[in-house]
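Next comes data.pdb, with PDB, C-alpha atoms and all ligand atoms.
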```
ATOM      1  CA  MET L 241       0.000   0.000   0.000
ATOM      2  CA  THR L 242       1.522   3.363  -0.985
ATOM      3  CA  VAL L 243       1.412   6.019   1.731
ATOM      4  CA  PRO L 244      -0.051   9.247   0.247
ATOM      5  CA  ALA L 245       2.334  12.235   0.238
ATOM      6  CA  PRO L 246       1.410  14.747   2.953
ATOM      7  CA  ALA L 247      -0.560  17.752   1.716
ATOM      8  CA  PRO L 248       1.753  20.667   0.754
ATOM      9  CA  ARG L 249       2.514  22.963   3.691
ATOM     10  CA  PRO L 250       1.002  26.434   3.253
ATOM     11  CA  VAL L 251       3.748  29.045   3.726
ATOM     12  CA  ILE L 252       4.179  32.791   3.360
ATOM     13  CA  LEU L 253       7.738  33.964   2.656
ATOM     14  CA  ASP L 254       8.461  37.365   4.216
ATOM     15  CA  GLY L 255      11.825  38.941   3.498
ATOM     16  CA  ASP L 256      14.103  41.798   2.452
ATOM     17  CA  PRO L 257      15.809  40.517  -0.726
ATOM     18  CA  GLY L 258      18.700  40.570  -0.382
ATOM     19  CA  HIS L 259      21.015  37.956  -1.950
ATOM     20  CA  ASP L 260      20.216  35.243   0.543
ATOM     21  CA  ASP L 261      16.487  35.993   0.718
ATOM     22  CA  ALA L 262      16.374  35.590  -3.061
ATOM     23  CA  ILE L 263      17.864  32.101  -2.876
ATOM     24  CA  SER L 264      15.528  31.227  -0.012
ATOM     25  CA  PHE L 265      12.526  32.289  -2.106
ATOM     26  CA  LEU L 266      13.786  30.247  -5.074
ATOM     27  CA  LEU L 267      14.274  27.189  -2.870
ATOM     28  CA  ALA L 268      10.727  27.354  -1.540
ATOM     29  CA  LEU L 269       9.165  28.083  -4.935
ATOM     30  CA  ALA L 270      10.922  25.032  -6.415
ATOM     31  CA  SER L 271       9.732  22.667  -3.673
ATOM     32  CA  PRO L 272       6.389  20.862  -4.090
ATOM     33  CA  GLU L 273       6.284  20.233  -0.333
ATOM     34  CA  PHE L 274       5.064  23.838  -0.020
ATOM     35  CA  ARG L 275       1.972  25.700  -1.095
ATOM     36  CA  VAL L 276       3.516  29.188  -1.283
ATOM     37  CA  LEU L 277       0.501  31.379  -0.519
ATOM     38  CA  GLY L 278       2.478  34.511  -1.267
ATOM     39  CA  LEU L 279       5.610  36.575  -0.893
ATOM     40  CA  THR L 280       5.703  39.620   1.379
ATOM     41  CA  THR L 281       8.423  42.237   1.511
ATOM     42  CA  VAL L 282       9.800  44.431   4.250
ATOM     43  CA  PHE L 283      12.496  47.109   4.511
ATOM     44  CA  GLY L 284      15.836  45.778   5.647
ATOM     45  CA  ASN L 285      18.899  45.151   3.508
ATOM     46  CA  VAL L 286      17.722  48.086   1.406
ATOM     47  CA  GLY L 287      14.574  50.206   1.384
ATOM     48  CA  LEU L 288      11.130  48.689   0.779
ATOM     49  CA  GLU L 289      10.881  49.856  -2.826
ATOM     50  CA  ARG L 290      14.058  47.940  -3.712
ATOM     51  CA  THR L 291      13.361  44.835  -1.626
ATOM     52  CA  THR L 292       9.967  44.676  -3.317
ATOM     53  CA  ARG L 293      11.482  45.197  -6.776
ATOM     54  CA  ASN L 294      13.982  42.424  -6.027
ATOM     55  CA  ALA L 295      11.240  40.065  -4.869
ATOM     56  CA  LEU L 296       9.304  40.794  -8.081
ATOM     57  CA  ILE L 297      12.428  39.943 -10.094
ATOM     58  CA  VAL L 298      12.867  36.661  -8.215
ATOM     59  CA  ARG L 299       9.182  35.793  -8.662
ATOM     60  CA  GLU L 300       9.476  36.285 -12.434
ATOM     61  CA  LEU L 301      12.753  34.353 -12.596
ATOM     62  CA  SER L 302      11.049  31.436 -10.816
ATOM     63  CA  GLY L 303       8.159  31.436 -13.257
ATOM     64  CA  VAL L 304       5.836  30.623 -10.367
ATOM     65  CA  ASP L 305       2.638  32.699 -10.172
ATOM     66  CA  VAL L 306       2.185  33.684  -6.512
ATOM     67  CA  PRO L 307       0.851  36.968  -5.112
ATOM     68  CA  LEU L 308       3.331  39.484  -3.714
ATOM     69  CA  TYR L 309       2.537  42.191  -1.174
ATOM     70  CA  ALA L 310       4.756  44.998   0.028
ATOM     71  CA  GLY L 311       4.815  45.692   3.746
ATOM     72  CA  ALA L 312       6.558  47.930   6.232
ATOM     73  CA  ASP L 313       9.046  50.522   4.984
ATOM     74  CA  CYS L 314      10.402  51.302   8.449
ATOM     75  CA  PRO L 315      10.734  49.745  11.927
ATOM     76  CA  LEU L 316       8.080  50.176  14.626
ATOM     77  CA  VAL L 317      10.183  52.439  16.837
ATOM     78  CA  ALA L 318      13.891  52.316  15.995
ATOM     79  CA  ARG L 319      15.704  54.411  13.409
ATOM     80  CA  ARG L 320      15.870  52.573  10.047
ATOM     81  CA  ILE L 321      19.167  50.941   9.146
ATOM     82  CA  SER L 322      20.147  49.228   5.875
ATOM     83  CA  ALA L 323      22.873  46.999   4.501
ATOM     84  CA  GLU L 324      23.920  48.435   1.131
ATOM     85  CA  ALA L 325      27.489  47.784   2.261
ATOM     86  CA  VAL L 326      26.742  44.054   2.069
ATOM     87  CA  HIS L 327      24.135  43.783  -0.698
ATOM     88  CA  GLY L 328      24.958  46.803  -2.868
ATOM     89  CA  LYS L 329      22.744  49.757  -3.774
ATOM     90  CA  SER L 330      20.139  47.613  -5.518
ATOM     91  CA  GLY L 331      20.063  45.113  -2.663
ATOM     92  CA  MET L 332      20.922  42.371  -5.145
ATOM     93  CA  ASP L 333      24.099  43.655  -6.815
ATOM     94  CA  GLY L 334      25.991  41.230  -9.005
ATOM     95  CA  PRO L 335      23.636  39.753 -11.611
ATOM     96  CA  GLU L 336      21.887  41.667 -14.376
ATOM     97  CA  LEU L 337      18.531  42.710 -12.855
ATOM     98  CA  PRO L 338      15.677  42.850 -15.383
ATOM     99  CA  THR L 339      12.828  45.322 -14.905
ATOM    100  CA  PRO L 340       9.875  43.393 -13.437
ATOM    101  CA  THR L 341       6.957  43.176 -15.868
ATOM    102  CA  ARG L 342       4.383  42.851 -13.086
ATOM    103  CA  GLY L 343       4.029  44.842  -9.907
ATOM    104  CA  ALA L 344       2.996  43.911  -6.392
ATOM    105  CA  GLU L 345      -0.611  43.316  -5.483
ATOM    106  CA  ALA L 346      -2.520  46.161  -3.810
ATOM    107  CA  GLY L 347      -2.713  45.961  -0.028
ATOM    108  CA  HIS L 348      -0.304  45.739   2.866
ATOM    109  CA  ALA L 349       1.642  42.586   3.660
ATOM    110  CA  ALA L 350       0.368  42.570   7.245
ATOM    111  CA  ARG L 351      -3.227  42.516   6.022
ATOM    112  CA  PHE L 352      -2.409  39.683   3.582
ATOM    113  CA  ILE L 353      -0.791  37.653   6.357
ATOM    114  CA  THR L 354      -3.814  38.249   8.585
ATOM    115  CA  GLN L 355      -6.285  37.218   5.869
ATOM    116  CA  GLN L 356      -4.382  34.060   4.986
ATOM    117  CA  VAL L 357      -3.964  32.892   8.590
ATOM    118  CA  ARG L 358      -7.655  33.499   9.341
ATOM    119  CA  ALA L 359      -8.618  31.584   6.205
ATOM    120  CA  ARG L 360      -6.392  28.619   7.134
ATOM    121  CA  PRO L 361      -6.444  28.351  10.944
ATOM    122  CA  GLY L 362      -3.545  26.280  12.272
ATOM    123  CA  GLU L 363      -2.057  25.652   8.831
ATOM    124  CA  VAL L 364       0.108  28.622   7.779
ATOM    125  CA  THR L 365       3.852  28.752   8.445
ATOM    126  CA  LEU L 366       5.410  32.228   8.287
ATOM    127  CA  VAL L 367       8.996  32.042   7.034
ATOM    128  CA  ALA L 368      10.670  35.364   7.828
ATOM    129  CA  THR L 369      14.144  36.274   6.624
ATOM    130  CA  GLY L 370      14.254  39.996   7.386
ATOM    131  CA  PRO L 371      13.145  42.327  10.187
ATOM    132  CA  LEU L 372       9.957  41.013  11.813
ATOM    133  CA  THR L 373       7.973  44.211  11.317
ATOM    134  CA  ASN L 374       5.240  42.773   9.059
ATOM    135  CA  LEU L 375       4.577  39.886  11.429
ATOM    136  CA  ALA L 376       4.521  42.207  14.445
ATOM    137  CA  LEU L 377       2.079  44.546  12.696
ATOM    138  CA  ALA L 378      -0.176  41.600  11.841
ATOM    139  CA  PHE L 379      -0.039  40.299  15.427
ATOM    140  CA  ARG L 380      -0.925  43.733  16.790
ATOM    141  CA  PHE L 381      -3.515  44.492  14.079
ATOM    142  CA  ALA L 382      -5.198  41.114  14.547
ATOM    143  CA  PRO L 383      -4.238  39.444  17.849
ATOM    144  CA  ASP L 384      -6.763  36.724  17.075
ATOM    145  CA  ILE L 385      -4.404  35.254  14.475
ATOM    146  CA  VAL L 386      -1.536  34.513  16.870
ATOM    147  CA  PRO L 387      -2.965  31.162  18.099
ATOM    148  CA  LEU L 388      -3.926  30.339  14.512
ATOM    149  CA  VAL L 389      -0.354  30.542  13.137
ATOM    150  CA  ARG L 390       1.142  27.073  12.701
ATOM    151  CA  ALA L 391       4.722  28.306  13.127
ATOM    152  CA  VAL L 392       7.123  31.178  12.608
ATOM    153  CA  VAL L 393      10.546  30.261  11.233
ATOM    154  CA  TRP L 394      12.981  33.186  11.328
ATOM    155  CA  MET L 395      16.517  33.840  10.222
ATOM    156  CA  GLY L 396      17.755  36.358  12.738
ATOM    157  CA  GLY L 397      19.505  36.957  16.030
ATOM    158  CA  SER L 398      22.380  34.963  17.427
ATOM    159  CA  THR L 399      23.235  33.001  20.555
ATOM    160  CA  ASP L 400      26.640  34.652  20.528
ATOM    161  CA  THR L 401      28.092  37.615  18.620
ATOM    162  CA  GLY L 402      26.357  40.010  16.244
ATOM    163  CA  ASN L 403      27.207  41.067  12.703
ATOM    164  CA  TRP L 404      25.884  44.651  12.712
ATOM    165  CA  THR L 405      27.104  45.542  16.166
ATOM    166  CA  PRO L 406      29.287  43.335  18.372
ATOM    167  CA  ALA L 407      26.069  42.211  20.080
ATOM    168  CA  ALA L 408      23.284  42.350  17.494
ATOM    169  CA  GLU L 409      22.476  40.575  14.239
ATOM    170  CA  PHE L 410      21.080  42.753  11.447
ATOM    171  CA  ASN L 411      17.454  41.490  11.256
ATOM    172  CA  ALA L 412      17.019  41.732  15.025
ATOM    173  CA  LEU L 413      18.651  45.155  15.276
ATOM    174  CA  ALA L 414      16.677  46.508  12.312
ATOM    175  CA  ASP L 415      13.485  46.165  14.374
ATOM    176  CA  PRO L 416      14.083  44.833  17.899
ATOM    177  CA  HIS L 417      10.593  45.870  19.046
ATOM    178  CA  ALA L 418       8.995  43.819  16.287
ATOM    179  CA  ALA L 419      11.146  40.856  17.259
ATOM    180  CA  HIS L 420      10.109  41.371  20.897
ATOM    181  CA  ILE L 421       6.428  41.237  19.883
ATOM    182  CA  VAL L 422       6.934  37.962  18.013
ATOM    183  CA  PHE L 423       9.201  36.419  20.688
ATOM    184  CA  THR L 424       6.659  37.164  23.455
ATOM    185  CA  SER L 425       3.546  36.280  21.429
ATOM    186  CA  GLY L 426       3.516  32.579  22.301
ATOM    187  CA  VAL L 427       3.645  31.602  18.619
ATOM    188  CA  PRO L 428       5.695  28.431  17.897
ATOM    189  CA  LEU L 429       9.014  30.022  16.885
ATOM    190  CA  THR L 430      12.195  28.543  15.441
ATOM    191  CA  MET L 431      15.219  30.839  15.257
ATOM    192  CA  PHE L 432      18.200  30.495  12.913
ATOM    193  CA  GLY L 433      20.839  32.847  14.310
ATOM    194  CA  LEU L 434      24.324  33.652  13.105
ATOM    195  CA  ASN L 435      25.605  30.914  15.383
ATOM    196  CA  VAL L 436      24.245  28.433  12.831
ATOM    197  CA  THR L 437      24.169  30.382   9.583
ATOM    198  CA  HIS L 438      27.883  31.118   9.855
ATOM    199  CA  GLN L 439      28.338  27.347   9.461
ATOM    200  CA  ALA L 440      26.834  27.511   5.930
ATOM    201  CA  ILE L 441      29.540  29.180   3.852
ATOM    202  CA  ALA L 442      29.042  29.345   0.077
ATOM    203  CA  HIS L 443      32.698  28.768  -0.811
ATOM    204  CA  PRO L 444      33.811  28.634  -4.475
ATOM    205  CA  ALA L 445      33.209  24.906  -4.984
ATOM    206  CA  ARG L 446      29.629  25.293  -3.738
ATOM    207  CA  VAL L 447      29.105  28.326  -5.979
ATOM    208  CA  GLN L 448      30.445  26.341  -8.926
ATOM    209  CA  ALA L 449      27.823  23.646  -8.270
ATOM    210  CA  PHE L 450      25.101  26.243  -8.955
ATOM    211  CA  ARG L 451      26.888  27.399 -12.127
ATOM    212  CA  ASP L 452      27.289  23.792 -13.255
ATOM    213  CA  LEU L 453      23.481  23.521 -13.408
ATOM    214  CA  GLY L 454      23.795  25.398 -16.704
ATOM    215  CA  THR L 455      20.499  27.216 -16.185
ATOM    216  CA  ARG L 456      19.415  30.856 -15.758
ATOM    217  CA  VAL L 457      18.568  30.250 -12.111
ATOM    218  CA  GLY L 458      21.853  28.419 -11.504
ATOM    219  CA  GLU L 459      23.860  31.243 -13.046
ATOM    220  CA  PHE L 460      21.784  33.865 -11.193
ATOM    221  CA  ALA L 461      22.493  32.141  -7.869
ATOM    222  CA  ALA L 462      26.193  31.774  -8.669
ATOM    223  CA  VAL L 463      26.611  35.464  -9.547
ATOM    224  CA  LEU L 464      24.606  36.508  -6.473
ATOM    225  CA  LEU L 465      26.859  34.400  -4.263
ATOM    226  CA  GLU L 466      30.067  35.647  -5.864
ATOM    227  CA  PHE L 467      29.047  39.229  -5.073
ATOM    228  CA  PHE L 468      27.827  38.223  -1.596
ATOM    229  CA  ALA L 469      31.225  36.633  -0.893
ATOM    230  CA  GLU L 470      33.065  39.943  -1.251
ATOM    231  CA  HIS L 471      31.760  41.418   2.013
ATOM    232  CA  HIS L 472      32.445  38.198   3.892
ATOM    233  CA  ARG L 473      35.981  37.979   2.506
ATOM    234  CA  GLU L 474      36.735  41.536   3.643
ATOM    235  CA  ARG L 475      34.982  41.329   7.016
ATOM    236  CA  TYR L 476      35.670  37.734   8.111
ATOM    237  CA  GLY L 477      38.417  36.513   5.806
ATOM    238  CA  TRP L 478      36.142  33.698   4.589
ATOM    239  CA  ASP L 479      36.221  32.345   1.036
ATOM    240  CA  GLY L 480      32.464  32.673   0.656
ATOM    241  CA  GLY L 481      29.303  34.277   1.962
ATOM    242  CA  ALA L 482      27.309  32.911   4.899
ATOM    243  CA  LEU L 483      24.125  31.705   3.241
ATOM    244  CA  HIS L 484      21.809  32.805   6.046
ATOM    245  CA  ASP L 485      18.202  32.835   4.857
ATOM    246  CA  PRO L 486      17.703  29.579   2.923
ATOM    247  CA  VAL L 487      18.432  27.496   6.045
ATOM    248  CA  THR L 488      14.889  28.341   7.187
ATOM    249  CA  VAL L 489      13.271  26.715   4.168
ATOM    250  CA  ALA L 490      15.803  23.865   4.153
ATOM    251  CA  TRP L 491      14.909  23.032   7.766
ATOM    252  CA  LEU L 492      11.235  22.743   6.836
ATOM    253  CA  LEU L 493      12.212  20.401   4.003
ATOM    254  CA  ARG L 494      14.936  18.342   5.714
ATOM    255  CA  PRO L 495      14.920  18.924   9.498
ATOM    256  CA  GLU L 496      17.362  16.041   9.920
ATOM    257  CA  LEU L 497      20.092  18.278   8.509
ATOM    258  CA  PHE L 498      19.849  20.495  11.598
ATOM    259  CA  VAL L 499      20.327  20.383  15.373
ATOM    260  CA  SER L 500      18.195  22.520  17.676
ATOM    261  CA  ARG L 501      16.966  22.811  21.228
ATOM    262  CA  PRO L 502      14.505  24.996  23.106
ATOM    263  CA  MET L 503      15.844  28.043  24.931
ATOM    264  CA  HIS L 504      14.548  31.146  26.688
ATOM    265  CA  VAL L 505      15.336  34.078  24.391
ATOM    266  CA  ILE L 506      14.537  37.763  24.871
ATOM    267  CA  LEU L 507      15.391  40.939  22.968
ATOM    268  CA  ASP L 508      17.552  43.672  24.450
ATOM    269  CA  LEU L 509      15.383  46.773  23.888
ATOM    270  CA  THR L 510      17.783  49.168  25.571
ATOM    271  CA  ASN L 511      19.750  51.769  23.638
ATOM    272  CA  GLY L 512      23.041  50.559  25.005
ATOM    273  CA  PRO L 513      25.889  48.624  23.387
ATOM    274  CA  CYS L 514      23.775  45.438  23.364
ATOM    275  CA  ALA L 515      20.704  47.029  21.731
ATOM    276  CA  GLY L 516      18.913  44.519  19.502
ATOM    277  CA  ARG L 517      20.704  41.520  20.928
ATOM    278  CA  THR L 518      18.789  38.230  21.127
ATOM    279  CA  VAL L 519      19.744  37.212  24.645
ATOM    280  CA  ALA L 520      19.634  33.399  24.560
ATOM    281  CA  ASP L 521      19.708  31.549  27.868
ATOM    282  CA  VAL L 522      21.955  28.817  26.467
ATOM    283  CA  TRP L 523      22.600  27.198  29.870
ATOM    284  CA  ASN L 524      19.081  27.789  31.264
ATOM    285  CA  VAL L 525      20.468  29.850  34.129
ATOM    286  CA  THR L 526      17.196  31.793  34.461
ATOM    287  CA  GLY L 527      14.875  28.791  34.468
ATOM    288  CA  GLN L 528      12.500  30.940  32.417
ATOM    289  CA  PRO L 529      10.066  29.341  29.919
ATOM    290  CA  LYS L 530      11.835  28.193  26.781
ATOM    291  CA  ASN L 531       9.955  30.238  24.191
ATOM    292  CA  VAL L 532      12.172  29.586  21.151
ATOM    293  CA  GLU L 533      13.483  26.502  19.340
ATOM    294  CA  VAL L 534      17.048  27.633  18.678
ATOM    295  CA  VAL L 535      18.922  25.964  15.833
ATOM    296  CA  THR L 536      22.552  25.335  16.751
ATOM    297  CA  GLY L 537      23.954  23.069  14.033
ATOM    298  CA  VAL L 538      23.653  22.295  10.322
ATOM    299  CA  ASP L 539      25.041  19.644   7.981
ATOM    300  CA  ALA L 540      26.392  22.229   5.547
ATOM    301  CA  ASP L 541      27.193  19.738   2.783
ATOM    302  CA  GLY L 542      23.677  18.312   3.002
ATOM    303  CA  PHE L 543      22.208  21.823   2.988
ATOM    304  CA  PHE L 544      24.055  22.877  -0.153
ATOM    305  CA  ALA L 545      23.277  19.562  -1.867
ATOM    306  CA  LEU L 546      19.570  20.184  -1.212
ATOM    307  CA  LEU L 547      19.842  23.745  -2.518
ATOM    308  CA  VAL L 548      21.560  22.689  -5.745
ATOM    309  CA  GLU L 549      19.131  19.826  -6.314
ATOM    310  CA  ARG L 550      16.080  22.059  -5.845
ATOM    311  CA  LEU L 551      17.390  25.015  -7.858
ATOM    312  CA  GLY L 552      18.277  22.464 -10.497
ATOM    313  CA  ARG L 553      14.560  21.833 -10.963
ATOM    314  CA  TYR L 554      14.156  25.223 -12.706
ATOM    315  CA  SER L 555      14.530  24.816 -16.451
TER
HETATM  316  O1  LIG Q   1      22.168  39.059   9.336
HETATM  317  C1  LIG Q   1      21.830  38.393   8.149
HETATM  318  C2  LIG Q   1      20.424  38.726   7.748
HETATM  319  O2  LIG Q   1      20.307  40.123   7.504
HETATM  320  C3  LIG Q   1      20.008  38.050   6.436
HETATM  321  O3  LIG Q   1      18.631  37.816   6.467
HETATM  322  C4  LIG Q   1      20.316  39.089   5.405
HETATM  323  O4  LIG Q   1      19.503  38.958   4.235
HETATM  324  C5  LIG Q   1      19.956  40.343   6.138
HETATM  325  O5  LIG Q   1      18.549  40.518   6.026
HETATM  326 CA    CA Q   2      17.207  38.719   4.696
END
```

Structure translated into structure tokens:
Amino acid sequence: MTVPAPAPRPVILDGDPGHDDAISFLLALASPEFRVLGLTTVFGNVGLERTTRNALIVRELSGVDVPLYAGADCPLVARRISAEAVHGKSGMDGPELPTPTRGAEAGHAARFITQQVRARPGEVTLVATGPLTNLALAFRFAPDIVPLVRAVVWMGGSTDTGNWTPAAEFNALADPHAAHIVFTSGVPLTMFGLNVTHQAIAHPARVQAFRDLGTRVGEFAAVLLEFFAEHHRERYGWDGGALHDPVTVAWLLRPELFVSRPMHVILDLTNGPCAGRTVADVWNVTGQPKNVEVVTGVDADGFFALLVERLGRYS
């Protein structure tokens, strides 16, 4: 007797493309295990107009027809920061970027998230790879949806050092108040911090594997990663970029490639040197409720093999 395949998991991909967001979107859109309900964009690596334009470009490159909604263009409280130094002025410097032929749908991302979660109670997974502003707005705008969200999976934070300040990772620092709202909401939350994403380095041999696909998507990913590597080479001395965002989607596809455990995690909302830090109680010294599943390890070879296999499905 053949066991029927599980029904595709409904997901919404919220991000700030961004080199690594773009690859995360392409991974999800190539994977039949997901029903991608839509893409939503947020300010972050660059301003909202450019993250949205980049998401439109990625949607067209994928050839998959999903709705796309723009969201927040600034944080809830903090001053807006951006990462042109890492991603370039466009937010996706490196490859030739075509002008999108189709724009975003009318309406705010937070409203779209709210509508979709209400329509599918208990089913929708929110995969966030930028500042958590859209999710926080939805949770504040419609508190009724919080218990209806199946899960939030977020690339952000760190259990140790930061990458934008010595203490804070970019997505957390870009909107720490939004992260605080999500972290204290009670929603099932899995966090991929720098402590794990810095284990997933796209070194030249891994970049070549994308190029060896011999496809538009393979070449696009390879050129993205070659540009992305430049910042990491200068800053960390690594021979490739840390491929942060796609680990979220990869975990949903192949959780066995990852190691995680529950921890108590809070956001530092002060304006001091640790502003925006995700303070993870790694050794449970507080005995506080463990509100976050914190990912601590990844089989990097398995992760990149999955990425190449799935991106290889684009013609
Ligand atoms: O700190 C890395 C994160 O910040 C990634 O999501 C990257 O795209 C940027 O948004
Ligand atoms: Ca991102």

| Evaluating the PyMOL selection byres (((chain L and resi 515-520) around 10) and not hetatm) on the displayed file yields which residues, as number ranges by chain? | L: 318, 396-402, 404-417, 419-420, 423, 433, 502-514, 521-524, 530, 532, 534

| said: Report as a ChimeraX atom specification all protein, DNA and RNA residues lying within 9 Å of Ser500 (chain L), evaluated on only C-alpha atoms, omitting residues in the same chain fewer than 3 positions from it. | reply: /L:430,533-537

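Counting all atoms listed in the file, the residue from L:Met431, L:Val317, L:Val457, L:Ile421 that sits nearest to ligand LIG 1 (chain Q) is L:Met431.
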
| field | Cut-off 6 Å, all atoms listed in the file, neighbours of ligand CA 2 (chain Q) as a PyMOL selection string | value | chain L and resi 255-258+261+369-370+485

Next, dump the selected residues to file, keeping only C-alpha atoms, as an mmCIF file, keeping the file's coordinate frame.
```
data_model
loop_
_atom_site.group_PDB
_atom_site.id
_atom_site.type_symbol
_atom_site.label_atom_id
_atom_site.label_comp_id
_atom_site.auth_asym_id
_atom_site.auth_seq_id
_atom_site.Cartn_x
_atom_site.Cartn_y
_atom_site.Cartn_z
ATOM 1 C CA GLY L 255 11.825 38.941 3.498
ATOM 2 C CA ASP L 256 14.103 41.798 2.452
ATOM 3 C CA PRO L 257 15.809 40.517 -0.726
ATOM 4 C CA GLY L 258 18.700 40.570 -0.382
ATOM 5 C CA ASP L 261 16.487 35.993 0.718
ATOM 6 C CA THR L 369 14.144 36.274 6.624
ATOM 7 C CA GLY L 370 14.254 39.996 7.386
ATOM 8 C CA ASP L 485 18.202 32.835 4.857
#
```

| task | With the file shown as input, list the residues that the PyMOL selection byres (((chain L and resi 541) around 12) and not hetatm) selects, as a PyMOL selection string. | result | chain L and resi 439-443+445-446+449+497-498+538-540+542-548

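If you measure from each of L:Ala245, L:Val276, L:Val386, L:Ile252 to Val304 (chain L) using only C-alpha atoms, the closest one turns out to be L:Val276.
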
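The space separating CA of Leu288 (chain L) from CA of Thr455 (chain L) comes to 28.9 Å.
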
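With CA of Arg360 (chain L) on one side and CA of Phe432 (chain L) on the other, the separation reads 25.3 Å.
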
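Between CA of Val463 (chain L) and CA of Glu289 (chain L) there is a distance of 22.4 Å.
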
| message | I want to know what sits within 12 Å of Phe460 (chain L), based on only C-alpha atoms, with residues of the same chain fewer than 5 positions away left out; could you give that as an MDAnalysis selection string? | response | chainID L and resid 259:260 262:263 266 297:298 301:302 332:338 447:448 450:455 465:467 551:552 554

| said: When you look at Phe381 (chain L) with a cut-off of 9 Å (counting only C-alpha atoms), what residues show up, excluding the ones that are within fewer than 2 positions of it in the same chain? I need them as a list in words. | reply: Ala350, Arg351, Thr354, Ala376, Leu377, Ala378, Phe379, Pro383 and Asp384 of chain L

| field | Given the PyMOL selection byres (((chain L and resi 249) around 7) and not hetatm), the residues it picks as a PyMOL selection string | value | chain L and resi 247-248+250-251+273-275

| request: For each of L:Ala382, L:Ala323, L:Ala346, L:Val487, take the minimum atom-to-atom distance to Ala268 (chain L), counting only C-alpha atoms, then give the residue where this is smallest. | output: L:Val487

Draw an axis-aligned box tight on the listed atoms of ligand LIG 1 (chain Q), then pad every side by 8 Å and write out centre and edge lengths in Å to one decimal as JSON.
```
{"center_x": 20.4, "center_y": 39.2, "center_z": 6.8, "size_x": 19.6, "size_y": 18.7, "size_z": 21.1}
```

| field | Residue nearest Thr291 (chain L) - candidates L:Ala344, L:Leu429, L:Val306, L:Val367, atoms counted: all atoms listed in the file | value | L:Ala344

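Minimum distance to ligand LIG 1 (chain Q) across L:Val525, L:Leu269, L:Val243, L:Ala368 (counting all atoms listed in the file) occurs at L:Ala368.
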